[in-house]
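K.L.:
query14.txt is reproduced in full below (compact mmCIF, C-alpha atoms).
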# COMPACT_ATOMS: atom_id res chain seq x y z
CA MET A 1 96.24 108.56 141.20
CA LYS A 2 96.70 106.69 137.94
CA PRO A 3 97.20 102.90 138.11
CA LEU A 4 100.85 102.83 136.97
CA GLU A 5 102.17 105.84 138.89
CA ASP A 6 105.58 105.14 140.48
CA TYR A 7 106.42 102.60 137.75
CA LEU A 8 109.48 103.41 135.63
CA ILE A 9 109.59 102.35 131.97
CA VAL A 10 112.86 102.62 130.04
CA ASP A 11 111.98 102.48 126.36
CA PHE A 12 114.58 101.91 123.64
CA SER A 13 111.98 101.52 120.89
CA GLN A 14 111.41 103.80 117.92
CA PHE A 15 109.08 104.23 114.95
CA LEU A 16 105.52 103.17 115.86
CA SER A 17 105.00 99.74 117.39
CA GLY A 18 107.08 100.02 120.57
CA PRO A 19 106.37 103.72 121.19
CA SER A 20 102.63 103.05 120.88
CA ALA A 21 102.95 100.52 123.71
CA SER A 22 104.89 102.88 125.97
CA LEU A 23 102.42 105.66 125.13
CA ARG A 24 99.60 103.59 126.57
CA LEU A 25 101.66 102.79 129.68
CA ALA A 26 102.40 106.51 130.07
CA ASP A 27 98.68 107.26 129.76
CA LEU A 28 98.11 104.81 132.60
CA GLY A 29 100.49 106.76 134.79
CA ALA A 30 103.92 105.22 134.23
CA ARG A 31 107.02 107.37 133.89
CA VAL A 32 108.49 106.65 130.46
CA ILE A 33 112.10 107.51 129.67
CA LYS A 34 112.74 107.29 125.95
CA ILE A 35 116.30 106.32 125.01
CA GLU A 36 117.43 108.05 121.79
CA LYS A 37 120.51 108.33 119.65
CA PRO A 38 122.35 111.65 120.13
CA GLY A 39 122.07 113.99 117.18
CA ALA A 40 119.35 112.11 115.29
CA GLY A 41 117.06 110.59 117.90
CA ASP A 42 114.15 108.34 117.05
CA ILE A 43 113.95 108.00 113.27
CA CYS A 44 110.26 108.77 113.66
CA ARG A 45 111.18 112.39 114.39
CA THR A 46 111.66 112.81 110.62
CA LEU A 47 108.96 110.40 109.43
CA TYR A 48 106.74 113.08 107.95
CA THR A 49 103.12 112.58 106.93
CA SER A 50 101.67 115.03 104.40
CA ASP A 51 104.96 116.94 104.77
CA LEU A 52 103.60 118.27 108.09
CA ILE A 53 106.34 119.66 110.34
CA MET A 54 105.38 120.55 113.90
CA ASN A 55 107.95 122.47 115.92
CA GLY A 56 110.72 121.13 113.70
CA GLU A 57 109.70 117.48 113.78
CA SER A 58 107.10 115.10 112.39
CA SER A 59 103.49 114.98 113.52
CA VAL A 60 103.83 111.20 113.88
CA PHE A 61 106.53 111.61 116.51
CA HIS A 62 104.54 114.17 118.46
CA THR A 63 101.42 112.01 118.36
CA ILE A 64 102.98 108.83 119.68
CA ASN A 65 105.59 110.20 122.09
CA ARG A 66 103.66 112.69 124.19
CA ASN A 67 103.95 112.37 127.95
CA LYS A 68 107.49 110.92 127.79
CA GLU A 69 111.02 112.04 128.67
CA SER A 70 113.99 111.89 126.28
CA PHE A 71 117.44 110.64 127.27
CA ALA A 72 119.95 110.97 124.41
CA ILE A 73 122.88 108.62 124.90
CA ASP A 74 125.14 106.51 122.72
CA PHE A 75 124.96 103.26 124.69
CA LYS A 76 127.27 101.52 122.22
CA GLN A 77 130.12 103.38 123.92
CA PRO A 78 131.39 101.50 127.02
CA GLU A 79 131.21 104.49 129.38
CA GLU A 80 127.71 105.38 128.23
CA LEU A 81 126.61 101.76 128.48
CA GLU A 82 127.53 101.78 132.15
CA LYS A 83 125.32 104.82 132.65
CA ILE A 84 122.44 103.05 130.93
CA LYS A 85 122.90 100.03 133.16
CA LYS A 86 122.58 102.20 136.26
CA LEU A 87 119.28 103.47 134.91
CA LEU A 88 118.07 99.98 134.00
CA ALA A 89 118.87 98.72 137.49
CA LYS A 90 116.05 100.95 138.75
CA ALA A 91 113.51 100.29 136.00
CA ASP A 92 110.35 98.29 136.40
CA VAL A 93 110.11 97.71 132.66
CA VAL A 94 112.69 97.76 129.87
CA MET A 95 111.43 97.55 126.29
CA HIS A 96 112.69 97.75 122.72
CA ASN A 97 111.71 96.91 119.15
CA PHE A 98 115.10 96.22 117.56
CA ARG A 99 115.64 93.23 115.32
CA PRO A 100 116.63 89.99 117.11
CA GLY A 101 120.26 90.06 118.15
CA VAL A 102 120.77 93.84 118.35
CA MET A 103 120.37 94.17 122.13
CA GLU A 104 122.42 91.00 122.65
CA ARG A 105 125.34 92.49 120.70
CA VAL A 106 125.44 95.64 122.84
CA GLY A 107 125.13 93.70 126.10
CA LEU A 108 121.52 94.61 126.94
CA SER A 109 119.70 91.33 126.34
CA TYR A 110 117.11 90.09 128.82
CA GLU A 111 119.74 87.90 130.45
CA ASP A 112 122.16 90.84 130.65
CA VAL A 113 119.60 93.16 132.21
CA LYS A 114 118.48 90.45 134.65
CA THR A 115 121.96 90.35 136.15
CA ILE A 116 121.53 93.95 137.33
CA ASN A 117 117.76 93.91 137.83
CA PRO A 118 116.59 90.32 138.59
CA ASN A 119 112.83 91.05 138.65
CA VAL A 120 112.72 93.30 135.61
CA ILE A 121 109.93 93.09 133.02
CA TYR A 122 111.67 93.00 129.64
CA GLY A 123 109.40 93.64 126.66
CA SER A 124 110.34 93.33 123.00
CA ILE A 125 108.64 93.68 119.64
CA SER A 126 110.17 92.20 116.50
CA GLY A 127 108.92 92.00 112.96
CA PHE A 128 109.06 88.23 112.61
CA GLY A 129 110.13 86.85 115.98
CA THR A 130 113.01 84.39 115.82
CA HIS A 131 111.90 82.79 112.53
CA PRO A 132 115.26 81.80 111.00
CA ASP A 133 114.31 82.75 107.44
CA LEU A 134 112.48 85.98 108.24
CA LYS A 135 114.00 87.52 111.37
CA LYS A 136 116.41 89.73 109.42
CA LEU A 137 113.68 91.26 107.25
CA PRO A 138 112.49 94.79 108.06
CA GLY A 139 109.43 94.78 110.33
CA GLN A 140 107.54 97.42 108.38
CA ASP A 141 103.75 97.66 108.49
CA LEU A 142 102.93 97.47 104.77
CA LEU A 143 105.26 94.51 104.32
CA LEU A 144 103.64 92.69 107.24
CA GLN A 145 100.15 93.38 105.89
CA SER A 146 101.26 91.93 102.57
CA LEU A 147 102.95 88.84 104.01
CA THR A 148 100.02 87.92 106.27
CA ALA A 149 97.17 87.99 103.70
CA LEU A 150 95.55 91.09 105.23
CA THR A 151 95.54 92.84 101.88
CA TRP A 152 93.06 90.33 100.42
CA LEU A 153 90.26 91.32 102.82
CA SER A 154 89.69 94.98 101.92
CA GLY A 155 88.53 96.44 98.63
CA ASN A 156 86.40 94.76 95.98
CA GLN A 157 86.96 91.46 94.19
CA GLU A 158 88.74 92.90 91.17
CA ASP A 159 90.84 95.43 93.05
CA GLY A 160 93.78 93.15 93.74
CA PRO A 161 95.43 93.35 97.16
CA VAL A 162 94.39 96.46 99.12
CA PRO A 163 96.29 97.55 102.25
CA MET A 164 94.53 99.17 105.17
CA GLY A 165 94.94 102.94 105.39
CA LEU A 166 96.58 102.85 108.81
CA SER A 167 99.74 101.31 110.26
CA ILE A 168 97.47 98.72 111.79
CA VAL A 169 100.05 95.98 112.42
CA ASP A 170 102.32 98.41 114.27
CA MET A 171 99.45 99.47 116.53
CA LEU A 172 98.26 95.91 117.14
CA ALA A 173 101.75 94.76 118.11
CA GLY A 174 102.07 97.74 120.43
CA ALA A 175 98.73 96.94 122.06
CA HIS A 176 99.75 93.30 122.51
CA LEU A 177 103.05 94.30 124.10
CA ALA A 178 101.27 96.66 126.50
CA GLN A 179 98.86 93.86 127.44
CA GLY A 180 101.72 91.43 128.06
CA ILE A 181 103.64 93.96 130.13
CA LEU A 182 100.58 94.72 132.26
CA ALA A 183 100.04 91.00 132.91
CA ALA A 184 103.72 90.60 133.83
CA LEU A 185 103.56 93.62 136.15
CA TYR A 186 100.58 92.06 137.94
CA ARG A 187 102.51 88.83 138.45
CA LYS A 188 105.53 90.81 139.64
CA ALA A 189 103.35 92.65 142.16
CA THR A 190 101.81 89.42 143.48
CA GLN A 191 104.73 86.98 143.17
CA ASN A 192 107.82 89.21 142.80
CA ILE A 193 108.81 87.50 139.55
CA GLY A 194 110.15 89.24 136.45
CA ALA A 195 109.42 88.23 132.87
CA SER A 196 110.43 88.45 129.24
CA VAL A 197 107.43 89.56 127.16
CA GLN A 198 107.88 88.95 123.43
CA VAL A 199 105.61 90.07 120.61
CA SER A 200 106.10 89.87 116.86
CA MET A 201 104.27 91.95 114.30
CA LEU A 202 103.82 88.76 112.27
CA GLU A 203 101.86 87.03 115.03
CA SER A 204 99.91 90.19 115.85
CA ALA A 205 98.74 90.35 112.24
CA PHE A 206 97.71 86.69 112.37
CA ASP A 207 95.83 87.23 115.63
CA PHE A 208 94.00 90.20 114.09
CA GLN A 209 92.53 87.74 111.59
CA PHE A 210 91.38 85.10 114.12
CA GLU A 211 87.85 85.21 112.68
CA THR A 212 88.77 84.84 109.02
CA ILE A 213 91.59 82.35 109.63
CA THR A 214 89.29 80.11 111.71
CA THR A 215 86.70 80.29 108.94
CA PHE A 216 89.32 79.32 106.34
CA PHE A 217 90.46 76.28 108.35
CA ASN A 218 86.91 75.06 108.85
CA ASP A 219 85.51 75.93 105.44
CA GLY A 220 87.41 73.41 103.36
CA GLY A 221 90.39 75.69 102.83
CA GLU A 222 88.44 78.00 100.54
CA LEU A 223 90.05 81.40 100.10
CA PRO A 224 87.98 84.40 101.24
CA VAL A 225 86.19 85.98 98.29
CA ARG A 226 85.35 89.68 98.34
CA THR A 227 82.15 90.84 96.71
CA LYS A 228 82.46 92.41 93.28
CA THR A 229 81.17 95.74 94.58
CA ASN A 230 80.48 97.35 97.96
CA ASN A 231 82.68 94.87 99.81
CA ALA A 232 83.15 95.33 103.55
CA HIS A 233 83.66 91.76 104.77
CA ALA A 234 84.66 88.78 102.66
CA TYR A 235 82.64 86.30 104.74
CA LEU A 236 79.39 88.24 105.16
CA GLY A 237 76.47 88.34 102.76
CA ALA A 238 74.40 91.26 101.51
CA PRO A 239 73.66 93.96 102.43
CA TYR A 240 76.94 94.28 104.36
CA GLY A 241 78.82 97.16 102.74
CA ILE A 242 78.98 100.86 101.95
CA TYR A 243 76.72 102.29 99.25
CA LYS A 244 76.65 105.57 97.35
CA THR A 245 73.53 107.66 97.79
CA ASN A 246 72.35 110.74 95.94
CA ASN A 247 74.50 113.02 98.10
CA GLY A 248 76.92 110.83 100.02
CA PHE A 249 77.29 107.28 101.31
CA LEU A 250 75.39 104.86 103.50
CA ALA A 251 76.84 101.93 105.47
CA MET A 252 74.63 98.91 106.10
CA ALA A 253 75.52 95.93 108.27
CA MET A 254 73.61 92.65 108.57
CA GLY A 255 69.91 92.71 107.71
CA SER A 256 66.99 90.78 106.26
CA ILE A 257 66.66 91.30 102.53
CA PRO A 258 62.84 90.90 102.49
CA VAL A 259 62.58 93.49 105.28
CA LEU A 260 64.85 95.86 103.40
CA ALA A 261 62.88 95.35 100.21
CA SER A 262 59.73 96.47 102.02
CA LEU A 263 61.29 99.40 103.89
CA LEU A 264 63.16 100.75 100.89
CA LYS A 265 60.24 100.10 98.53
CA CYS A 266 62.64 98.28 96.24
CA GLU A 267 60.59 95.88 94.11
CA ALA A 268 63.68 94.32 92.53
CA LEU A 269 64.67 92.91 95.94
CA LEU A 270 61.36 91.08 96.37
CA GLN A 271 62.69 88.21 94.26
CA PHE A 272 65.04 87.27 97.11
CA PRO A 273 62.92 85.68 99.85
CA GLU A 274 66.05 84.66 101.75
CA ASN A 275 69.47 86.19 102.21
CA LYS A 276 71.48 83.59 100.31
CA PHE A 277 75.25 84.08 100.55
CA HIS A 278 75.87 83.06 96.96
CA LEU A 279 73.46 85.77 95.75
CA ARG A 280 75.17 88.62 97.56
CA ASP A 281 76.66 90.23 94.44
CA GLU A 282 73.30 90.33 92.71
CA ILE A 283 71.59 91.73 95.80
CA LYS A 284 74.28 94.36 96.30
CA ASN A 285 74.03 95.52 92.68
CA ILE A 286 70.31 96.11 93.08
CA LEU A 287 70.80 97.92 96.37
CA ALA A 288 73.59 100.05 94.91
CA ASP A 289 71.36 101.29 92.10
CA HIS A 290 68.32 101.85 94.31
CA LEU A 291 70.11 103.74 97.11
CA GLN A 292 71.44 106.34 94.67
CA THR A 293 67.91 107.60 94.08
CA GLN A 294 67.68 109.43 97.43
CA ASN A 295 69.89 111.30 99.89
CA THR A 296 71.58 109.59 102.81
CA ASP A 297 69.31 111.21 105.42
CA PHE A 298 66.23 110.05 103.53
CA TRP A 299 67.31 106.43 103.90
CA LEU A 300 68.47 106.85 107.50
CA ASN A 301 65.09 108.26 108.48
CA ILE A 302 63.48 105.07 107.18
CA LEU A 303 66.00 102.49 108.33
CA GLU A 304 66.99 103.71 111.80
CA PRO A 305 63.44 103.74 113.27
CA ALA A 306 63.04 100.17 111.97
CA ASP A 307 66.20 99.14 113.89
CA ILE A 308 68.17 98.40 110.74
CA TRP A 309 71.91 98.63 111.44
CA CYS A 310 73.06 101.50 109.27
CA ALA A 311 75.01 104.75 109.43
CA GLY A 312 76.12 107.68 107.37
CA VAL A 313 79.73 107.70 106.24
CA LEU A 314 81.66 110.66 107.63
CA ASN A 315 84.96 112.27 106.72
CA TYR A 316 87.08 114.02 109.36
CA GLN A 317 85.47 117.42 108.82
CA GLU A 318 81.99 115.95 109.22
CA LEU A 319 83.00 113.76 112.16
CA PHE A 320 84.52 116.57 114.21
CA ALA A 321 81.45 118.75 113.62
CA GLU A 322 79.18 116.03 115.06
CA GLU A 323 77.79 116.61 118.55
CA GLY A 324 78.39 112.91 119.26
CA PHE A 325 82.12 113.50 118.85
CA LYS A 326 82.20 116.78 120.73
CA VAL A 327 80.59 115.38 123.89
CA LEU A 328 83.34 112.75 124.19
CA ASP A 329 85.96 115.47 124.64
CA PHE A 330 88.32 113.07 122.87
CA THR A 331 91.05 115.56 122.02
CA GLN A 332 93.44 117.28 124.36
CA LYS A 333 95.94 120.11 124.06
CA VAL A 334 99.45 119.22 125.20
CA GLN A 335 102.46 121.47 125.61
CA MET A 336 106.14 120.84 125.08
CA LEU A 337 108.87 122.11 127.38
CA ASP A 338 109.65 125.02 125.01
CA GLY A 339 106.03 126.19 125.11
CA TYR A 340 104.93 124.75 121.78
CA SER A 341 101.44 123.27 122.11
CA TYR A 342 99.39 121.06 119.83
CA GLN A 343 96.07 119.27 119.77
CA THR A 344 95.97 115.49 119.70
CA THR A 345 93.88 112.57 120.93
CA ARG A 346 93.65 111.35 124.52
CA CYS A 347 93.73 107.84 125.95
CA PRO A 348 90.40 106.06 125.27
CA ILE A 349 90.35 104.39 128.71
CA LYS A 350 88.27 105.72 131.59
CA ILE A 351 88.94 104.56 135.17
CA ASP A 352 86.56 105.32 138.03
CA GLY A 353 84.74 107.76 135.81
CA GLU A 354 87.91 109.71 134.98
CA TYR A 355 89.65 109.97 131.63
CA LEU A 356 93.42 109.45 131.59
CA THR A 357 94.70 112.77 130.29
CA SER A 358 98.00 114.60 130.58
CA GLY A 359 99.02 118.00 129.30
CA LYS A 360 102.64 116.95 128.74
CA GLY A 361 103.70 117.02 125.10
CA SER A 362 106.47 115.13 123.33
CA PRO A 363 110.09 115.73 124.37
CA LYS A 364 112.81 117.53 122.51
CA LEU A 365 115.77 115.24 121.87
CA GLY A 366 117.78 114.83 125.06
CA GLN A 367 115.82 117.44 126.97
CA ASP A 368 115.77 115.34 130.16
CA ASN A 369 119.41 114.21 130.21
CA GLU A 370 120.50 116.39 133.11
CA LYS A 371 117.53 115.42 135.29
CA ILE A 372 117.87 111.69 134.55
CA ILE A 373 121.64 111.64 135.16
CA LYS A 374 121.23 113.47 138.45
CA GLU A 375 118.36 111.25 139.63
CA PHE A 376 119.51 107.80 138.52
CA ILE A 377 123.14 107.77 137.45
CA ALA A 378 125.23 110.27 139.40
CA VAL A 379 124.24 108.83 142.77
Here is the file; what I need is its structure written in the form of structure tokens.

P.N.:
Amino acid sequence: MKPLEDYLIVDFSQFLSGPSASLRLADLGARVIKIEKPGAGDICRTLYTSDLIMNGESSVFHTINRNKESFAIDFKQPEELEKIKKLLAKADVVMHNFRPGVMERVGLSYEDVKTINPNVIYGSISGFGTHPDLKKLPGQDLLLQSLTALTWLSGNQEDGPVPMGLSIVDMLAGAHLAQGILAALYRKATQNIGASVQVSMLESAFDFQFETITTFFNDGGELPVRTKTNNAHAYLGAPYGIYKTNNGFLAMAMGSIPVLASLLKCEALLQFPENKFHLRDEIKNILADHLQTQNTDFWLNILEPADIWCAGVLNYQELFAEEGFKVLDFTQKVQMLDGYSYQTTRCPIKIDGEYLTSGKGSPKLGQDNEKIIKEFIAV
């Protein structure tokens, strides 16, 4: 039995942040009913990546909405709103990621829902919280990365701002909401008290940078400076970075420069008896030239036995061919109600030695309406 079995989550959220939170709760055993707009559904259904269409909809939607049910209903209509309220009266958790004020206008604010379900857990994700100057701005991942200084940590010194190649702020906010909901559910189970759990993408992006922000505050307010080449962390010295080799790339974390000089037989490094932070560009330039003289495996065979923190740099094709990936059994095949199946990732959490898997794929729009109405509304 999974930890959240018998818990009902009613999820109004769309796109990535909110659905990523309810995905994790579904993985943990909760029943997730996804509320969608009739006709169009979650906008994420048509948010295509690489123009990939899977069973008529986007791969992003299928990835983040597996193991859920779909209830298509226009809750802005008074009669439909009453149906929604009957469903919410039986929910353990209600969640959304609309801009501030949207749920209030339709009569489904936390206070509204509490009148019909006093101990409900009400979770919400916004882009900017209730900040008066920002709350109406779109809570979109790239914009949040840009507004929170994240783009000045990746890339090299002369690259300008570089965004991360994932919707990282969406996923962080979703993880934070799931954490808050789990904490609130524990309190509800022990004290029978509901809660409003609020997360903003803005604050999630700030929290993601707790290390660099703390350094900034305690380092005289100096801006983080990326290395000119091979940058991987603005506040770490050489050799920290990724280097080109004769046939690929090599990642190296922290390490003693004199030790590296000896192991790599790099005479040019011998002039650096200590790993001085202000010399990191010079050290990295020497390393970059030297490491191109041999293949990646040549260097790994020297560095790994000496307990130097290093690794090859894999692409997806190389990663999925690795035995280390295969033994994790990290992918699963899920199947939709119409028989369409696809391969995707599983939940990374293991409980009592068991992975949290489910063969249930993403829902077609409104596919569960009849069942949900019969079970929760027409009684």

K.L.:
If we count all atoms listed in the file, what is near range 261-277 of chain A at a cut-off of 9 Å, once residues fewer than 6 positions away on the same chain are taken out, given as a count of residues only?

P.N.:
15

K.L.:
Find the residues around range 335-352 of chain A up to 7 Å (all atoms listed in the file counted), leave out those fewer than 3 positions away in its own chain, and share them as a PyMOL selection string.

P.N.:
chain A and resi 27+55+63+330-332+355-357+359-363

K.L.:
Identify, on the basis of all atoms listed in the file, every residue whose closest approach to range 216-225 of chain A does not exceed 12 Å; exclude the query and any residue fewer than 6 positions from it along the same chain; express the result as a list in words.

P.N.:
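Residues near the query, excluding close chain neighbours: Ala149, Leu150, Thr151, Trp152, Leu153, Ser154, Gly155, Asn156, Gln157, Glu158, Asp159, Gly160, Pro161, Gln209, Phe210, Asn231, Ala232, His233, Ala234, Tyr235, Leu236, Gly237, Phe277, His278, Arg280 and Asp281 of chain A.
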
K.L.:
Counting all atoms listed in the file, figure out which residue out of A:Gly56, A:Gly324, A:Ala72, A:Ser13 gets nearest to Val102 in chain A.

P.N.:
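For Val102 in chain A, the nearest of the candidates is A:Ser13.
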
K.L.:
Might you pull out every residue within 7 Å of Val94 in chain A, with all atoms listed in the file counted and same-chain residues fewer than 2 positions away left off, and present them as a list of chain:residue names?

P.N.:
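Everything that qualifies: A:Ile9, A:Val10, A:Asp11, A:Ala91, A:Asp92, A:Ile121, A:Tyr122, A:Gly123.
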
K.L.:
Can you tell me how far CA of Val106 in chain A sits from CA of Glu203 in chain A, in Å to one decimal?

P.N.:
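Computing it gives 26.3 Å between the two atoms.
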
K.L.:
Can you measure CA of Ala175 in chain A to CA of Asp141 in chain A for me? One decimal in Å is fine.

P.N.:
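Atom-to-atom, CA of Ala175 in chain A to CA of Asp141 in chain A, that is 14.5 Å.
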
K.L.:
Which one of A:Tyr110, A:Tyr240, A:Phe206, A:Tyr48 sits closest to Val169 in chain A if you count all atoms listed in the file?

P.N.:
A:Phe206

K.L.:
May I have the residues within 10 Å of range 180-191 of chain A as a list in words, using all atoms listed in the file and disregarding those fewer than 5 positions away in the same chain?

P.N.:
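Counting all atoms listed in the file, the residues come to Leu4, Tyr7, Ala21, Ser22, Leu25, Asp92, Val93, Val94, Met95, Asn119, Val120, Ile121, Tyr122, Gly123, Ser124, Gly174, Ala175, Ser196, Val197, Gln198 and Val199 of chain A.
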
K.L.:
Could you save those same residues with C-alpha atoms as a compact mmCIF listing (two decimals), in the frame of the given file?

P.N.:
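The file below, result.txt, is the result:
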# COMPACT_ATOMS: atom_id res chain seq x y z
CA LEU A 4 100.85 102.83 136.97
CA TYR A 7 106.42 102.60 137.75
CA ALA A 21 102.95 100.52 123.71
CA SER A 22 104.89 102.88 125.97
CA LEU A 25 101.66 102.79 129.68
CA ASP A 92 110.35 98.29 136.40
CA VAL A 93 110.11 97.71 132.66
CA VAL A 94 112.69 97.76 129.87
CA MET A 95 111.43 97.55 126.29
CA ASN A 119 112.83 91.05 138.65
CA VAL A 120 112.72 93.30 135.61
CA ILE A 121 109.93 93.09 133.02
CA TYR A 122 111.67 93.00 129.64
CA GLY A 123 109.40 93.64 126.66
CA SER A 124 110.34 93.33 123.00
CA GLY A 174 102.07 97.74 120.43
CA ALA A 175 98.73 96.94 122.06
CA SER A 196 110.43 88.45 129.24
CA VAL A 197 107.43 89.56 127.16
CA GLN A 198 107.88 88.95 123.43
CA VAL A 199 105.61 90.07 120.61

K.L.:
Using only C-alpha atoms, give me every residue within 10 Å of (115.7, 119.9, 129.5) in file coordinates, as a VMD selection string.

P.N.:
chain A and resid 69 to 71 337 to 338 363 to 372

K.L.:
Just to confirm, what's the straight-line distance from CA of Phe298 in chain A to CA of Lys326 in chain A in Å (one decimal)?

P.N.:
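Value for the CA of Phe298 in chain A-CA of Lys326 in chain A distance: 24.4 Å.
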
K.L.:
Range 117-120 of chain A, all listed atoms, 4 Å padding on each side: what axis-aligned box centre and edge lengths in Å to one decimal come out, as lines of an AutoDock Vina configuration file?

P.N.:
center_x = 115.2
center_y = 92.1
center_z = 137.1
size_x = 13.0
size_y = 11.6
size_z = 11.0

K.L.:
Provide range 166-213 of chain A of the preceding structure as a file containing C-alpha atoms, as a compact mmCIF listing (two decimals), in the first residue's frame.

P.N.:
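And here's result-v9.txt as it stands now:
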# COMPACT_ATOMS: atom_id res chain seq x y z
CA LEU A 166 15.14 22.88 -18.15
CA SER A 167 12.00 24.47 -16.71
CA ILE A 168 13.78 24.37 -13.38
CA VAL A 169 11.74 27.01 -11.55
CA ASP A 170 8.48 25.26 -12.45
CA MET A 171 9.80 21.97 -11.08
CA LEU A 172 11.22 23.54 -7.92
CA ALA A 173 7.94 25.29 -7.15
CA GLY A 174 6.08 22.04 -7.72
CA ALA A 175 8.44 20.19 -5.38
CA HIS A 176 8.00 22.87 -2.72
CA LEU A 177 4.22 22.70 -2.99
CA ALA A 178 4.29 18.91 -2.66
CA GLN A 179 6.49 19.24 0.43
CA GLY A 180 4.15 21.79 1.99
CA ILE A 181 1.08 19.69 1.24
CA LEU A 182 2.69 16.59 2.77
CA ALA A 183 3.54 18.54 5.93
CA ALA A 184 -0.02 19.88 6.11
CA LEU A 185 -1.46 16.40 5.60
CA TYR A 186 0.64 15.13 8.51
CA ARG A 187 -0.69 17.90 10.75
CA LYS A 188 -4.22 17.17 9.56
CA ALA A 189 -3.77 13.48 10.43
CA THR A 190 -2.42 14.27 13.91
CA GLN A 191 -4.40 17.40 14.83
CA ASN A 192 -7.35 17.43 12.39
CA ILE A 193 -6.46 20.92 11.17
CA GLY A 194 -6.58 22.11 7.57
CA ALA A 195 -4.16 24.57 5.98
CA SER A 196 -3.47 26.96 3.15
CA VAL A 197 -0.11 26.10 1.55
CA GLN A 198 1.26 28.88 -0.66
CA VAL A 199 4.30 28.75 -2.92
CA SER A 200 5.58 31.28 -5.43
CA MET A 201 7.94 30.54 -8.27
CA LEU A 202 9.81 33.71 -7.33
CA GLU A 203 10.62 32.44 -3.84
CA SER A 204 11.39 28.94 -5.11
CA ALA A 205 13.99 30.42 -7.45
CA PHE A 206 15.51 32.40 -4.58
CA ASP A 207 15.61 29.32 -2.36
CA PHE A 208 17.35 27.38 -5.13
CA GLN A 209 20.20 29.88 -4.81
CA PHE A 210 20.57 29.72 -1.01
CA GLU A 211 24.28 28.94 -1.36
CA THR A 212 25.17 31.72 -3.78
CA ILE A 213 22.88 34.31 -2.17
